[in-house]
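K.L.:
Below is one structure. I have some questions about it.
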Amino acid sequence: MPHSTSAPRLGDLERVVMEHLWDAASLAGPAFGGATVRQVLARFEGEREIAYTTVMTVLDRLSKKDLVTRERDGRAWRYFPADTREALTAQTMRRTLDDMEVTDRRTALLHFLDGATNDELDDIKAALAEIEARAEGDPGTSSNTGRRSIIRRR
Amino acid sequence: MIPFVLAALAVLLVWVAPGLMARQKGFRRAPRSALWAWQAVAVGGILAALAAAPAALPLLVGDDDPMAHLWLVVPAVLVSALVVVRLLVAGHRVGTRLRRVRTDHRELVDIVAQHDQRMRILQHPTPTAYCIPGRQSRVVLSQGVLDALPPDQLEAVVAHEEAHLRGRHDLLLEFFSVVHSAVPEPLRSPPALGEVRLLVEALADRAAVRHSGELATARALMTLAGSQAPEAALGVGTTAPVRLRLLADGPPHPALSVIAYSYAAVTVTLPLVLLGLAWA
């Protein structure tokens, strides 16, 4: 469905809903009793028009992805983040390295580097020294930086 | 004679040539043309495998109408069809698996990471930088990388990842993964995939050098190589020392590219010429 805009929008909502659940959970501490669809919906009030069913769909998707858990509370569900944001971030980092078979993983995600052993570090240092020596001899090559500095420091 | 030559050529291009090419380390300095040579060898091998059986027909049928000898035509077509089917099945398997891994990962990153115009930032102290290729591609950096690198080196890293995405290097790697798994196990050449990966990295490094300069790129490689644990499961060395050596050695002799492109042209056209000769 190349023309559908609902997929990115839902993805965007998933993030906002997760952030809301994380915020609510950390605010309430261990006493956090989960959030209902209505409570999550209230979070969007005044910000954007979102239907009750949309929030329900988003929470349902999140629960299918095991990112939220839910408990029955009378006729409604109460939703909890399955993990803290930190834990999920750590899990994401691990997934870039562990979860797949090596061949697959290195084709699926293109990493800047695959690390280096201590022996290799010596070779690396030697090569870098050559490049640095050359750059000192020709200062023009080293000043070619920050041409497009859009990266914001945090 | 020609069908045997084609069969031998298929084995040569699929099995022997990749091993030999992986040893020609000088071509790493001309990664773009070297990658063309690698693709040409893969395509040439496939063409030779496809053409071998049809090339045998004129030999067996002589001057008769081939349609009068269906018991020969049908097996010949089937042999070629088998090659096509193996490729299609491998393409489907590899493609589906890669897309699923990338989609799952992208969705997770979109939820946990901070959003920036050009990238996603994972709040994690371990330095890492990668891209998720595909239609909705992402460049992902960890906070650890932002903390470890000064702005010019960070630019080099991002330029490297963006070069992967812009150049659709993922399609290149996917193509070689498909060919690799379509080839019968005893004829596979594992060094080929490793070498292609390295060439793709070298190509992206050159984009980083064009954007941020040689020094910033080399220093970024050095800093991150020192702060990451090597991937133990690989068996082959990591790419960092080779890539820094390539940066230090500078641009290649122009003849290298000429050789690689000529080699590519020959390997692709040879099977077709042989098939043409068989039918002439």
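In the structure tokens, each chain is lettered A, B, ... as it comes, each chain's residues begin at 1, and ligands are numbered from 1 in order of appearance.
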With a distance cut-off of 12 Å and only C-alpha atoms, select the neighbouring residues of Leu270 (chain B), excluding the residue or stretch itself and same-chain residues fewer than 2 positions from it, and output the selection as an MDAnalysis selection string.

P.N.:
chainID B and resid 2 5:6 9:10 13 40:41 43:48 51 262:268 272:277

K.L.:
Write to file, as an mmCIF file, in the first residue's frame, the residues of the selection just made, with C-alpha atoms.

P.N.:
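The file below, part04.cif, is the result:
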data_model
loop_
_atom_site.group_PDB
_atom_site.id
_atom_site.type_symbol
_atom_site.label_atom_id
_atom_site.label_comp_id
_atom_site.auth_asym_id
_atom_site.auth_seq_id
_atom_site.Cartn_x
_atom_site.Cartn_y
_atom_site.Cartn_z
ATOM 1 C CA ILE B 2 30.786 -25.297 -26.266
ATOM 2 C CA VAL B 5 32.973 -24.866 -21.908
ATOM 3 C CA LEU B 6 29.884 -23.040 -20.649
ATOM 4 C CA LEU B 9 32.738 -21.391 -17.120
ATOM 5 C CA ALA B 10 29.745 -21.443 -14.756
ATOM 6 C CA LEU B 13 32.804 -17.925 -12.272
ATOM 7 C CA ALA B 40 29.706 -9.112 -13.352
ATOM 8 C CA VAL B 41 31.220 -12.381 -12.173
ATOM 9 C CA VAL B 43 25.848 -12.391 -13.404
ATOM 10 C CA GLY B 44 28.287 -14.110 -15.788
ATOM 11 C CA GLY B 45 28.184 -17.287 -13.693
ATOM 12 C CA ILE B 46 24.385 -17.278 -13.732
ATOM 13 C CA LEU B 47 24.297 -16.671 -17.502
ATOM 14 C CA ALA B 48 26.780 -19.484 -18.142
ATOM 15 C CA ALA B 51 23.180 -21.169 -21.285
ATOM 16 C CA SER B 262 37.411 -4.740 -18.591
ATOM 17 C CA TYR B 263 37.288 -7.909 -16.522
ATOM 18 C CA ALA B 264 33.634 -7.159 -15.708
ATOM 19 C CA ALA B 265 32.767 -6.672 -19.378
ATOM 20 C CA VAL B 266 34.457 -9.916 -20.409
ATOM 21 C CA THR B 267 32.846 -12.067 -17.716
ATOM 22 C CA VAL B 268 29.349 -10.878 -18.630
ATOM 23 C CA LEU B 272 26.517 -14.847 -24.291
ATOM 24 C CA VAL B 273 29.151 -15.030 -27.026
ATOM 25 C CA LEU B 274 29.581 -18.762 -26.403
ATOM 26 C CA LEU B 275 25.849 -19.357 -26.579
ATOM 27 C CA GLY B 276 25.708 -17.367 -29.817
ATOM 28 C CA LEU B 277 28.550 -19.471 -31.259
#

K.L.:
Quick one: everything within 9 Å of Pro31 (chain B), counting only C-alpha atoms, minus sequence neighbours fewer than 3 positions away in the same chain. Send it as an MDAnalysis selection string.

P.N.:
chainID B and resid 27:28 34:36 198:203 257

K.L.:
Show which residues sit within 9 Å of Met222 (chain B), as a tab-separated table (two decimals) with C-alpha atoms, in the first residue's frame. Count only C-alpha atoms, and ignore same-chain residues fewer than 3 positions away.

P.N.:
chain	number	residue	atom	x	y	z
A	121	LEU	CA	44.36	-1.43	16.96
A	124	ILE	CA	44.99	1.15	12.90
A	125	LYS	CA	47.15	3.55	14.91
A	128	LEU	CA	46.24	6.91	11.28
B	217	THR	CA	37.09	9.95	8.67
B	218	ALA	CA	40.25	8.17	9.78
B	219	ARG	CA	39.99	9.51	13.33
B	225	ALA	CA	37.31	0.83	16.62
B	226	GLY	CA	38.91	1.33	20.03
B	227	SER	CA	35.62	1.64	21.87
B	240	ALA	CA	38.67	-1.35	10.54
B	241	PRO	CA	42.41	-2.02	9.99
B	244	LEU	CA	42.31	2.69	7.63

K.L.:
Please, what distance in Å, to one decimal, runs between CA of Leu149 (chain B) and CA of Thr89 (chain A)?

P.N.:
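Pair CA of Leu149 (chain B) / CA of Thr89 (chain A) returns 20.7 Å.
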
K.L.:
Run DSSP on the backbone and grab whatever in region 26-127 of chain A lands in strand (DSSP E or B); send it over as a PyMOL selection string.

P.N.:
chain A and resi 35+68-73+76-81+110-111

K.L.:
Can you list, as a list of chain:residue names, every protein, DNA or RNA residue that comes within 8 Å of region 113-119 of chain B when you count only C-alpha atoms, leaving out same-chain residues fewer than 6 positions away?

P.N.:
A:Thr89, B:Arg138, B:Val139, B:Val140, B:Leu141

K.L.:
Would you export the selected residues with N, CA and C atoms as an mmCIF file, in the first residue's frame, please?

P.N.:
data_model
loop_
_atom_site.group_PDB
_atom_site.id
_atom_site.type_symbol
_atom_site.label_atom_id
_atom_site.label_comp_id
_atom_site.auth_asym_id
_atom_site.auth_seq_id
_atom_site.Cartn_x
_atom_site.Cartn_y
_atom_site.Cartn_z
ATOM 1 N N THR A 89 15.600 0.428 25.182
ATOM 2 C CA THR A 89 16.717 0.953 24.392
ATOM 3 C C THR A 89 17.880 -0.025 24.413
ATOM 4 N N ARG B 138 16.661 4.627 7.850
ATOM 5 C CA ARG B 138 17.015 5.417 9.035
ATOM 6 C C ARG B 138 18.519 5.352 9.249
ATOM 7 N N VAL B 139 19.083 6.476 9.708
ATOM 8 C CA VAL B 139 20.439 6.455 10.247
ATOM 9 C C VAL B 139 20.296 6.471 11.759
ATOM 10 N N VAL B 140 20.918 5.524 12.430
ATOM 11 C CA VAL B 140 20.773 5.406 13.880
ATOM 12 C C VAL B 140 22.125 5.592 14.552
ATOM 13 N N LEU B 141 22.171 6.506 15.526
ATOM 14 C CA LEU B 141 23.392 6.696 16.317
ATOM 15 C C LEU B 141 23.038 6.514 17.784
#

K.L.:
Considering only C-alpha atoms, can you say which of A:Glu136, A:Glu120, A:Asp60, A:Asp23 comes closest to Val37 (chain A)?

P.N.:
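Among the listed residues, the smallest separation from Val37 (chain A) belongs to A:Asp60.
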
K.L.:
Could you tell me, as an MDAnalysis selection string, which residues of region 76-255 of chain B DSSP assigns to helix (DSSP H, G or I) when given the backbone?

P.N.:
chainID B and resid 76:112 143:148 151:166 169:182 185:187 190:212 214:227 232:234 240:249 254:255

K.L.:
Just C-alpha atoms for this one: save the residues we selected as a compact mmCIF listing (two decimals), in the first residue's frame.

P.N.:
# COMPACT_ATOMS: atom_id res chain seq x y z
CA ALA B 76 17.55 -28.71 -21.69
CA VAL B 77 14.84 -26.21 -20.81
CA LEU B 78 14.32 -27.90 -17.44
CA VAL B 79 18.00 -27.60 -16.52
CA SER B 80 17.91 -23.87 -17.18
CA ALA B 81 14.56 -23.56 -15.41
CA LEU B 82 16.07 -25.22 -12.36
CA VAL B 83 18.71 -22.50 -12.18
CA VAL B 84 16.03 -19.82 -12.42
CA VAL B 85 13.87 -21.49 -9.76
CA ARG B 86 16.78 -21.79 -7.34
CA LEU B 87 17.50 -18.09 -7.77
CA LEU B 88 13.86 -17.10 -7.31
CA VAL B 89 13.44 -19.22 -4.20
CA ALA B 90 16.65 -17.89 -2.68
CA GLY B 91 15.63 -14.34 -3.59
CA HIS B 92 12.28 -14.76 -1.94
CA ARG B 93 13.71 -16.29 1.24
CA VAL B 94 16.54 -13.82 1.71
CA GLY B 95 14.39 -10.83 0.73
CA THR B 96 11.53 -11.71 3.05
CA ARG B 97 13.86 -12.34 5.97
CA LEU B 98 15.78 -9.12 5.49
CA ARG B 99 12.66 -7.00 5.10
CA ARG B 100 11.12 -8.47 8.24
CA VAL B 101 14.25 -7.88 10.33
CA ARG B 102 14.55 -4.31 9.06
CA THR B 103 10.89 -3.45 9.57
CA ASP B 104 10.83 -4.88 13.10
CA HIS B 105 13.99 -3.04 13.98
CA ARG B 106 12.89 0.24 12.42
CA GLU B 107 9.60 0.20 14.32
CA LEU B 108 11.41 -0.43 17.58
CA VAL B 109 13.93 2.33 16.89
CA ASP B 110 11.16 4.77 15.99
CA ILE B 111 9.55 4.17 19.37
CA VAL B 112 12.56 4.24 21.69
CA GLN B 143 24.38 8.76 22.55
CA GLY B 144 27.72 7.03 23.12
CA VAL B 145 28.80 7.98 19.59
CA LEU B 146 27.65 11.58 20.03
CA ASP B 147 29.69 11.78 23.23
CA ALA B 148 32.77 10.08 21.77
CA PRO B 151 31.43 17.27 15.18
CA ASP B 152 33.64 16.76 12.12
CA GLN B 153 34.12 13.06 12.87
CA LEU B 154 30.42 12.69 13.57
CA GLU B 155 29.72 14.22 10.18
CA ALA B 156 32.03 11.66 8.62
CA VAL B 157 30.14 8.80 10.29
CA VAL B 158 26.76 10.14 9.18
CA ALA B 159 28.06 10.79 5.65
CA HIS B 160 29.28 7.18 5.57
CA GLU B 161 25.87 5.83 6.57
CA GLU B 162 24.02 8.16 4.22
CA ALA B 163 26.26 6.96 1.39
CA HIS B 164 25.10 3.40 2.12
CA LEU B 165 21.50 4.51 1.89
CA ARG B 166 21.90 6.77 -1.14
CA HIS B 169 24.33 -0.74 -0.91
CA ASP B 170 21.76 -2.94 0.77
CA LEU B 171 20.51 -4.11 -2.66
CA LEU B 172 24.06 -4.99 -3.63
CA LEU B 173 24.55 -7.04 -0.47
CA GLU B 174 21.14 -8.61 -0.90
CA PHE B 175 21.99 -9.64 -4.46
CA PHE B 176 25.17 -11.36 -3.32
CA SER B 177 23.36 -13.02 -0.40
CA VAL B 178 20.77 -14.38 -2.84
CA VAL B 179 23.37 -15.68 -5.29
CA HIS B 180 25.34 -17.15 -2.40
CA SER B 181 22.39 -19.13 -1.07
CA ALA B 182 21.19 -20.13 -4.56
CA GLU B 185 26.56 -25.64 -0.94
CA PRO B 186 29.83 -27.28 -2.17
CA LEU B 187 30.27 -24.57 -4.80
CA PRO B 190 32.33 -17.65 1.62
CA PRO B 191 35.21 -15.18 1.18
CA ALA B 192 33.20 -13.54 -1.61
CA LEU B 193 30.54 -12.14 0.71
CA GLY B 194 33.14 -10.85 3.16
CA GLU B 195 35.09 -9.14 0.40
CA VAL B 196 31.97 -7.51 -1.08
CA ARG B 197 31.04 -6.24 2.38
CA LEU B 198 34.47 -4.75 2.80
CA LEU B 199 34.30 -3.07 -0.62
CA VAL B 200 30.93 -1.56 0.23
CA GLU B 201 32.39 -0.15 3.45
CA ALA B 202 35.41 1.20 1.57
CA LEU B 203 33.06 2.88 -0.91
CA ALA B 204 31.08 4.53 1.90
CA ASP B 205 34.34 5.60 3.55
CA ARG B 206 35.29 7.42 0.38
CA ALA B 207 31.99 9.29 0.50
CA ALA B 208 32.82 10.23 4.11
CA VAL B 209 36.25 11.47 3.02
CA ARG B 210 34.69 13.61 0.28
CA HIS B 211 32.29 15.09 2.82
CA SER B 212 34.39 15.50 5.96
CA GLU B 214 40.42 12.15 5.22
CA LEU B 215 41.57 13.04 8.70
CA ALA B 216 38.13 13.24 10.29
CA THR B 217 37.09 9.95 8.67
CA ALA B 218 40.25 8.17 9.78
CA ARG B 219 39.99 9.51 13.33
CA ALA B 220 36.34 8.48 13.57
CA LEU B 221 37.29 4.95 12.50
CA MET B 222 40.09 4.90 15.05
CA THR B 223 37.99 6.19 17.95
CA LEU B 224 35.10 3.83 17.33
CA ALA B 225 37.31 0.83 16.62
CA GLY B 226 38.91 1.33 20.03
CA SER B 227 35.62 1.64 21.87
CA ALA B 232 33.77 -12.59 17.90
CA ALA B 233 31.64 -14.88 15.76
CA LEU B 234 32.99 -13.80 12.43
CA ALA B 240 38.67 -1.35 10.54
CA PRO B 241 42.41 -2.02 9.99
CA VAL B 242 41.93 -2.63 6.27
CA ARG B 243 39.80 0.47 5.85
CA LEU B 244 42.31 2.69 7.63
CA ARG B 245 45.10 1.20 5.57
CA LEU B 246 43.10 2.03 2.43
CA LEU B 247 42.69 5.62 3.60
CA ALA B 248 46.40 5.87 4.34
CA ASP B 249 47.38 4.44 0.95
CA PRO B 254 43.86 4.58 -12.60
CA ALA B 255 44.82 1.37 -14.39

K.L.:
Go through A:Phe44, A:His111, A:Gln39, A:Gly34 and flag the residue nearest Val16 (chain A), using only C-alpha atoms for the distances.

P.N.:
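Closest to Val16 (chain A), using only C-alpha atoms: A:Phe44.
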
K.L.:
Counting only C-alpha atoms, which residue out of A:Ala31, A:Ala87, A:Ala116, A:Ala42 sits closest to Thr238 (chain B)?

P.N.:
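Of the candidates, the smallest distance to Thr238 (chain B) is held by A:Ala116.
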
K.L.:
Using only C-alpha atoms, which protein or nucleic acid residues come within 10 Å of region 63-70 of chain A? Drop anything in the same chain fewer than 2 positions from it, and give the result as a VMD selection string.

P.N.:
(chain A and resid 14 18 21 34 to 36 57 to 61 72 to 73 76 to 84 88) or (chain B and resid 104 107 to 108 111)

K.L.:
So, counting only C-alpha atoms, which residue among A:Arg9, A:Arg15, A:Ser26, A:Ala129 is closest to chain B?

P.N.:
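Smallest distance to chain B is found for A:Arg15.
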
K.L.:
From the options B:Gly250, B:Pro271, B:Gly167, B:Gly213, which residue's atoms come nearest to chain A, counting only C-alpha atoms?

P.N.:
B:Gly213
